[in-house]
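Participant: For reference, this is my_file_29.json, and it has JSON, C-alpha atoms.
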```
[["chain", "number", "residue", "atom", "x", "y", "z"],
["C", 14, "MET", "CA", -16.11, 57.84, -44.65],
["C", 15, "LYS", "CA", -13.20, 56.82, -46.87],
["C", 16, "ASN", "CA", -9.72, 57.37, -45.52],
["C", 17, "LEU", "CA", -6.87, 59.29, -47.18],
["C", 18, "VAL", "CA", -5.42, 56.27, -48.99],
["C", 19, "GLN", "CA", -8.82, 55.24, -50.34],
["C", 20, "HIS", "CA", -9.66, 58.73, -51.65],
["C", 21, "LEU", "CA", -6.25, 59.29, -53.23],
["C", 22, "SER", "CA", -6.10, 55.77, -54.66],
["C", 23, "GLN", "CA", -9.48, 56.11, -56.31],
["C", 24, "TYR", "CA", -8.49, 59.47, -57.77],
["C", 25, "ALA", "CA", -5.00, 58.26, -58.76],
["C", 26, "ALA", "CA", -6.50, 55.40, -60.77],
["C", 27, "TYR", "CA", -7.66, 58.03, -63.27],
["C", 28, "HIS", "CA", -4.26, 59.76, -63.29],
["C", 29, "ARG", "CA", -1.39, 57.41, -64.16],
["C", 30, "ASP", "CA", 0.00, 59.28, -67.18],
["C", 31, "PRO", "CA", 2.70, 61.78, -66.12],
["C", 32, "ARG", "CA", 1.48, 64.31, -68.71],
["C", 33, "ASN", "CA", -1.98, 64.23, -67.17],
["C", 34, "ILE", "CA", -0.53, 64.69, -63.69],
["C", 35, "ALA", "CA", 1.55, 67.62, -64.99],
["C", 36, "THR", "CA", -1.55, 69.35, -66.39],
["C", 37, "HIS", "CA", -3.22, 68.93, -63.01],
["C", 38, "PHE", "CA", -0.42, 70.92, -61.36],
["C", 39, "VAL", "CA", -1.61, 73.89, -63.43],
["C", 40, "GLY", "CA", -5.29, 73.28, -64.11],
["C", 41, "ILE", "CA", -6.52, 72.32, -60.65],
["C", 42, "PRO", "CA", -5.03, 75.33, -58.83],
["C", 43, "MET", "CA", -6.54, 77.57, -61.52],
["C", 44, "ILE", "CA", -9.97, 76.02, -61.02],
["C", 45, "VAL", "CA", -9.79, 76.27, -57.22],
["C", 46, "VAL", "CA", -8.78, 79.94, -57.40],
["C", 47, "ALA", "CA", -11.49, 80.65, -59.98],
["C", 48, "VAL", "CA", -14.23, 78.98, -57.92],
["C", 49, "THR", "CA", -13.10, 80.93, -54.88],
["C", 50, "VAL", "CA", -13.15, 84.17, -56.86],
["C", 51, "LEU", "CA", -16.62, 83.47, -58.24],
["C", 52, "LEU", "CA", -18.00, 82.51, -54.82],
["C", 53, "SER", "CA", -16.53, 85.61, -53.17],
["C", 54, "ARG", "CA", -19.57, 87.60, -54.23],
["C", 55, "PRO", "CA", -21.75, 88.46, -52.49],
["C", 56, "GLY", "CA", -19.47, 89.30, -49.64],
["C", 57, "TRP", "CA", -19.36, 91.60, -46.64],
["C", 58, "ASP", "CA", -16.44, 92.90, -44.65],
["C", 59, "VAL", "CA", -17.23, 92.15, -41.01],
["C", 60, "GLY", "CA", -14.48, 93.14, -38.62],
["C", 61, "GLY", "CA", -11.79, 92.62, -41.26],
["C", 62, "VAL", "CA", -13.12, 89.20, -42.34],
["C", 63, "TRP", "CA", -14.70, 88.86, -45.78],
["C", 64, "LEU", "CA", -17.87, 86.81, -45.26],
["C", 65, "SER", "CA", -18.98, 85.13, -48.48],
["C", 66, "PRO", "CA", -20.11, 81.81, -49.89],
["C", 67, "ALA", "CA", -16.42, 81.16, -50.67],
["C", 68, "LEU", "CA", -15.60, 81.30, -46.96],
["C", 69, "LEU", "CA", -18.26, 78.68, -46.19],
["C", 70, "VAL", "CA", -17.05, 76.33, -48.94],
["C", 71, "ALA", "CA", -13.40, 76.82, -47.92],
["C", 72, "ALA", "CA", -14.21, 76.15, -44.26],
["C", 73, "TRP", "CA", -16.08, 72.95, -45.14],
["C", 74, "SER", "CA", -13.23, 71.88, -47.47],
["C", 75, "ALA", "CA", -10.60, 72.58, -44.80],
["C", 76, "TRP", "CA", -12.62, 70.48, -42.33],
["C", 77, "PHE", "CA", -12.76, 67.64, -44.91],
["C", 78, "TYR", "CA", -8.99, 67.76, -45.51],
["C", 79, "LEU", "CA", -8.14, 68.02, -41.81],
["C", 80, "ARG", "CA", -10.28, 64.96, -41.03],
["C", 81, "LEU", "CA", -8.40, 62.97, -43.69],
["C", 82, "ASP", "CA", -4.86, 63.98, -42.70],
["C", 83, "GLY", "CA", -3.57, 66.60, -40.28],
["C", 84, "ARG", "CA", -0.44, 67.57, -42.23],
["C", 85, "PHE", "CA", -2.10, 67.78, -45.62],
["C", 86, "GLY", "CA", -5.14, 69.36, -43.98],
["C", 87, "LEU", "CA", -3.07, 72.22, -42.55],
["C", 88, "LEU", "CA", -1.37, 72.83, -45.88],
["C", 89, "MET", "CA", -4.69, 72.71, -47.76],
["C", 90, "SER", "CA", -6.20, 75.14, -45.23],
["C", 91, "ALA", "CA", -3.33, 77.58, -45.78],
["C", 92, "LEU", "CA", -3.71, 77.28, -49.56],
["C", 93, "LEU", "CA", -7.45, 77.84, -49.28],
["C", 94, "GLY", "CA", -6.70, 80.94, -47.20],
["C", 95, "LEU", "CA", -4.59, 82.29, -50.06],
["C", 96, "CYS", "CA", -7.42, 81.55, -52.48],
["C", 97, "LEU", "CA", -9.85, 83.41, -50.21],
["C", 98, "TRP", "CA", -7.48, 86.39, -50.14],
["C", 99, "ALA", "CA", -7.36, 86.44, -53.97],
["C", 100, "GLY", "CA", -11.12, 85.97, -54.18],
["C", 101, "GLN", "CA", -11.81, 88.87, -51.83],
["C", 102, "ALA", "CA", -9.35, 91.10, -53.70],
["C", 103, "LEU", "CA", -11.18, 90.47, -56.97],
["C", 104, "ALA", "CA", -14.67, 90.51, -55.45],
["C", 105, "VAL", "CA", -14.36, 94.20, -54.58],
["C", 106, "GLN", "CA", -13.37, 95.11, -58.15],
["C", 107, "SER", "CA", -15.84, 95.99, -60.87],
["C", 108, "THR", "CA", -18.27, 93.29, -61.87],
["C", 109, "MET", "CA", -16.54, 92.99, -65.25],
["C", 110, "ALA", "CA", -13.09, 92.52, -63.70],
["C", 111, "TRP", "CA", -14.38, 90.04, -61.09],
["C", 112, "LEU", "CA", -16.45, 87.99, -63.52],
["C", 113, "SER", "CA", -13.97, 87.95, -66.41],
["C", 114, "ALA", "CA", -11.11, 86.93, -64.10],
["C", 115, "GLY", "CA", -13.17, 84.22, -62.42],
["C", 116, "LEU", "CA", -14.71, 82.78, -65.57],
["C", 117, "GLY", "CA", -11.56, 83.16, -67.67],
["C", 118, "VAL", "CA", -9.35, 81.31, -65.20],
["C", 119, "PHE", "CA", -12.08, 78.68, -64.65],
["C", 120, "VAL", "CA", -12.46, 77.90, -68.36],
["C", 121, "LEU", "CA", -8.71, 77.89, -68.99],
["C", 122, "GLY", "CA", -8.17, 75.57, -66.02],
["C", 123, "TRP", "CA", -10.70, 73.10, -67.38],
["C", 124, "VAL", "CA", -9.22, 73.23, -70.87],
["C", 125, "ILE", "CA", -5.85, 72.29, -69.37],
["C", 126, "GLN", "CA", -7.50, 69.47, -67.42],
["C", 127, "PHE", "CA", -9.16, 68.03, -70.52],
["C", 128, "VAL", "CA", -5.87, 68.14, -72.44],
["C", 129, "GLY", "CA", -4.37, 66.04, -69.65],
["C", 130, "HIS", "CA", -7.22, 63.56, -69.80],
["C", 131, "TYR", "CA", -6.79, 63.33, -73.56],
["C", 132, "TYR", "CA", -3.24, 62.08, -72.85],
["C", 133, "GLU", "CA", -4.55, 59.76, -70.16],
["C", 134, "GLY", "CA", -7.20, 58.36, -72.48],
["C", 135, "ARG", "CA", -9.65, 58.36, -69.61],
["C", 136, "LYS", "CA", -12.42, 60.63, -68.39],
["C", 137, "PRO", "CA", -11.92, 62.79, -65.27],
["C", 138, "ALA", "CA", -12.50, 61.05, -61.94],
["C", 139, "PHE", "CA", -15.39, 63.33, -60.93],
["C", 140, "VAL", "CA", -17.52, 61.97, -63.79],
["C", 141, "ASP", "CA", -17.83, 58.68, -61.89],
["C", 142, "ASP", "CA", -17.67, 60.12, -58.36],
["C", 143, "LEU", "CA", -18.31, 63.78, -57.52],
["C", 144, "SER", "CA", -15.94, 63.53, -54.56],
["C", 145, "GLY", "CA", -13.19, 63.81, -57.17],
["C", 146, "LEU", "CA", -13.90, 67.55, -57.25],
["C", 147, "ILE", "CA", -12.67, 67.97, -53.67],
["C", 148, "VAL", "CA", -10.03, 65.22, -53.81],
["C", 149, "GLY", "CA", -8.38, 66.70, -56.91],
["C", 150, "PRO", "CA", -6.67, 69.60, -55.12],
["C", 151, "LEU", "CA", -5.47, 67.22, -52.40],
["C", 152, "PHE", "CA", -4.11, 64.89, -55.09],
["C", 153, "VAL", "CA", -2.00, 67.73, -56.50],
["C", 154, "VAL", "CA", -0.58, 68.51, -53.06],
["C", 155, "ALA", "CA", 0.13, 64.82, -52.45],
["C", 156, "GLU", "CA", 1.85, 64.45, -55.82],
["C", 157, "LEU", "CA", 4.00, 67.48, -55.02],
["C", 158, "ALA", "CA", 4.93, 65.90, -51.70],
["C", 159, "PHE", "CA", 5.87, 62.70, -53.52],
["C", 160, "LEU", "CA", 8.06, 64.64, -55.97],
["C", 161, "LEU", "CA", 9.84, 66.19, -52.99],
["C", 162, "GLY", "CA", 10.49, 62.76, -51.53],
["C", 163, "LEU", "CA", 7.92, 63.16, -48.75],
["C", 164, "ARG", "CA", 5.24, 60.74, -47.58],
["C", 165, "ALA", "CA", 6.84, 57.67, -49.22],
["C", 166, "GLU", "CA", 4.56, 55.33, -47.24],
["C", 167, "LEU", "CA", 1.47, 57.07, -48.62],
["C", 168, "LYS", "CA", 2.83, 56.97, -52.17],
["C", 169, "ALA", "CA", 3.53, 53.24, -51.83],
["C", 170, "ALA", "CA", 0.00, 52.56, -50.54],
["C", 171, "ILE", "CA", -1.57, 54.52, -53.40],
["C", 172, "GLU", "CA", 0.59, 52.80, -56.01],
["C", 173, "GLN", "CA", -0.29, 49.42, -54.54],
["C", 174, "ASN", "CA", -3.97, 50.24, -55.15],
["C", 175, "ALA", "CA", -3.84, 52.31, -58.36],
["C", 176, "GLY", "CA", -0.58, 51.16, -59.92],
["C", 177, "PRO", "CA", 2.55, 53.21, -60.56],
["C", 178, "VAL", "CA", 2.68, 56.32, -62.70],
["C", 179, "ALA", "CA", 3.41, 55.18, -66.26],
["C", 180, "VAL", "CA", 6.99, 55.59, -67.41],
["C", 181, "ARG", "CA", 7.12, 57.03, -70.90],
["C", 182, "GLN", "CA", 9.62, 55.47, -73.23],
["C", 183, "LYS", "CA", 11.56, 57.85, -75.48],
["C", 184, "LYS", "CA", 11.82, 56.71, -79.07],
["C", 185, "ALA", "CA", 15.31, 56.19, -80.40],
["C", 186, "VAL", "CA", 16.37, 58.57, -83.14],
["C", 187, "ILE", "CA", 18.00, 56.73, -86.01]]
```
For the structure just supplied, provide its representation as structure tokens.
Facilitator:
Amino acid sequence: MKNLVQHLSQYAAYHRDPRNIATHFVGIPMIVVAVTVLLSRPGWDVGGVWLSPALLVAAWSAWFYLRLDGRFGLLMSALLGLCLWAGQALAVQSTMAWLSAGLGVFVLGWVIQFVGHYYEGRKPAFVDDLSGLIVGPLFVVAELAFLLGLRAELKAAIEQNAGPVAVRQKKAVI
């Protein structure tokens, strides 16, 4: 199994344009929430716990993240818990409300992602490696940590492998 640096470096190699990274801060959370919403049906309330396909996928994802890194894994697990809460709340609504919310947010999230990859000039990472679908949300959390000045050693290791985020030059106005 690849380690945290290997997964994030491989994913980061497809995401060196700051505009692309910015779109991921919006698009990826939308897609994760939408998938959770859509997988929350069928579901059953068993002792106050909503059992659904979303719960199984979230549990497997949390296990994946926790195996890679304890700190990020705990944060990702908490975020997945919030997604499960939103998914359950929409799953008990009418089919039209559940489906339109799930599909609408899913499509909009992907549109935002493809705009970012237009700026990048490169296809999304998952096209070459499906693991990009699960690494993407972790990448967003890692990039947020880097913006907050956290995990500098991880950022340095990723940039050593994938290169630094491109610095955009502003054109002089004459």
Participant: Identify which of the residues C:Arg54, C:His37, C:Arg80, C:Arg29 lies closest to Leu17 (chain C), counting all atoms listed in the file when measuring atom-to-atom distances.
Facilitator: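 The shortest atom-to-atom distance to Leu17 (chain C) comes from C:Arg80.
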Participant: Counting all atoms listed in the file, which residues of region 54-152 of chain C sit at most 12 Å from some atom of region 156-169 of chain C, and what is each one's closest atom pair with its distance in Å to one decimal, listed by chain and rising residue number, as JSON lines?
Facilitator:
```
{"residue": "C:Asp82", "atom": "CA", "partner": "C:Leu167", "partner_atom": "CA", "distance": 11.1}
{"residue": "C:Arg84", "atom": "CA", "partner": "C:Arg164", "partner_atom": "CA", "distance": 10.4}
{"residue": "C:Phe85", "atom": "CA", "partner": "C:Ala158", "partner_atom": "CA", "distance": 9.5}
{"residue": "C:Leu88", "atom": "CA", "partner": "C:Ala158", "partner_atom": "CA", "distance": 11.0}
{"residue": "C:Gly149", "atom": "CA", "partner": "C:Glu156", "partner_atom": "CA", "distance": 10.5}
{"residue": "C:Pro150", "atom": "CA", "partner": "C:Glu156", "partner_atom": "CA", "distance": 10.0}
{"residue": "C:Leu151", "atom": "CA", "partner": "C:Glu156", "partner_atom": "CA", "distance": 8.5}
{"residue": "C:Phe152", "atom": "CA", "partner": "C:Glu156", "partner_atom": "CA", "distance": 6.0}
```
Participant: Any idea what's packed within 8 Å of region 172-182 of chain C, counting all atoms listed in the file, ignoring anything in its chain fewer than 3 positions away? Could you give it as a PyMOL selection string?
Facilitator: chain C and resi 22-23+25-26+28-31+168-169
Participant: Of the candidates C:Val59, C:Asn16, C:Ala71, C:Gly145, which shows the shortest atom-to-atom distance to Leu95 (chain C), using all atoms listed in the file?
Facilitator: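 Once distances to Leu95 (chain C) are computed over all atoms listed in the file, the minimum belongs to C:Ala71.
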Participant: Find the residues around Phe139 (chain C) up to 10 Å (all atoms listed in the file counted), leave out those fewer than 6 positions away in its own chain, and share them as a list in words.
Facilitator: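 In the requested form, the answer reads Tyr24, Tyr27, Gly145, Leu146, Ile147, Val148 and Gly149 of chain C.
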Participant: Rounded to one decimal, what separation in Å do you get between CA of Pro55 (chain C) and CA of Ala110 (chain C)?
Facilitator: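 Separation between CA of Pro55 (chain C) and CA of Ala110 (chain C): 14.7 Å.
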Participant: Which value, in Å to one decimal, gives the distance between CA of Ser65 (chain C) and CA of Trp98 (chain C)?
Facilitator: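 Answer for the CA of Ser65 (chain C) to CA of Trp98 (chain C) separation: 11.7 Å.
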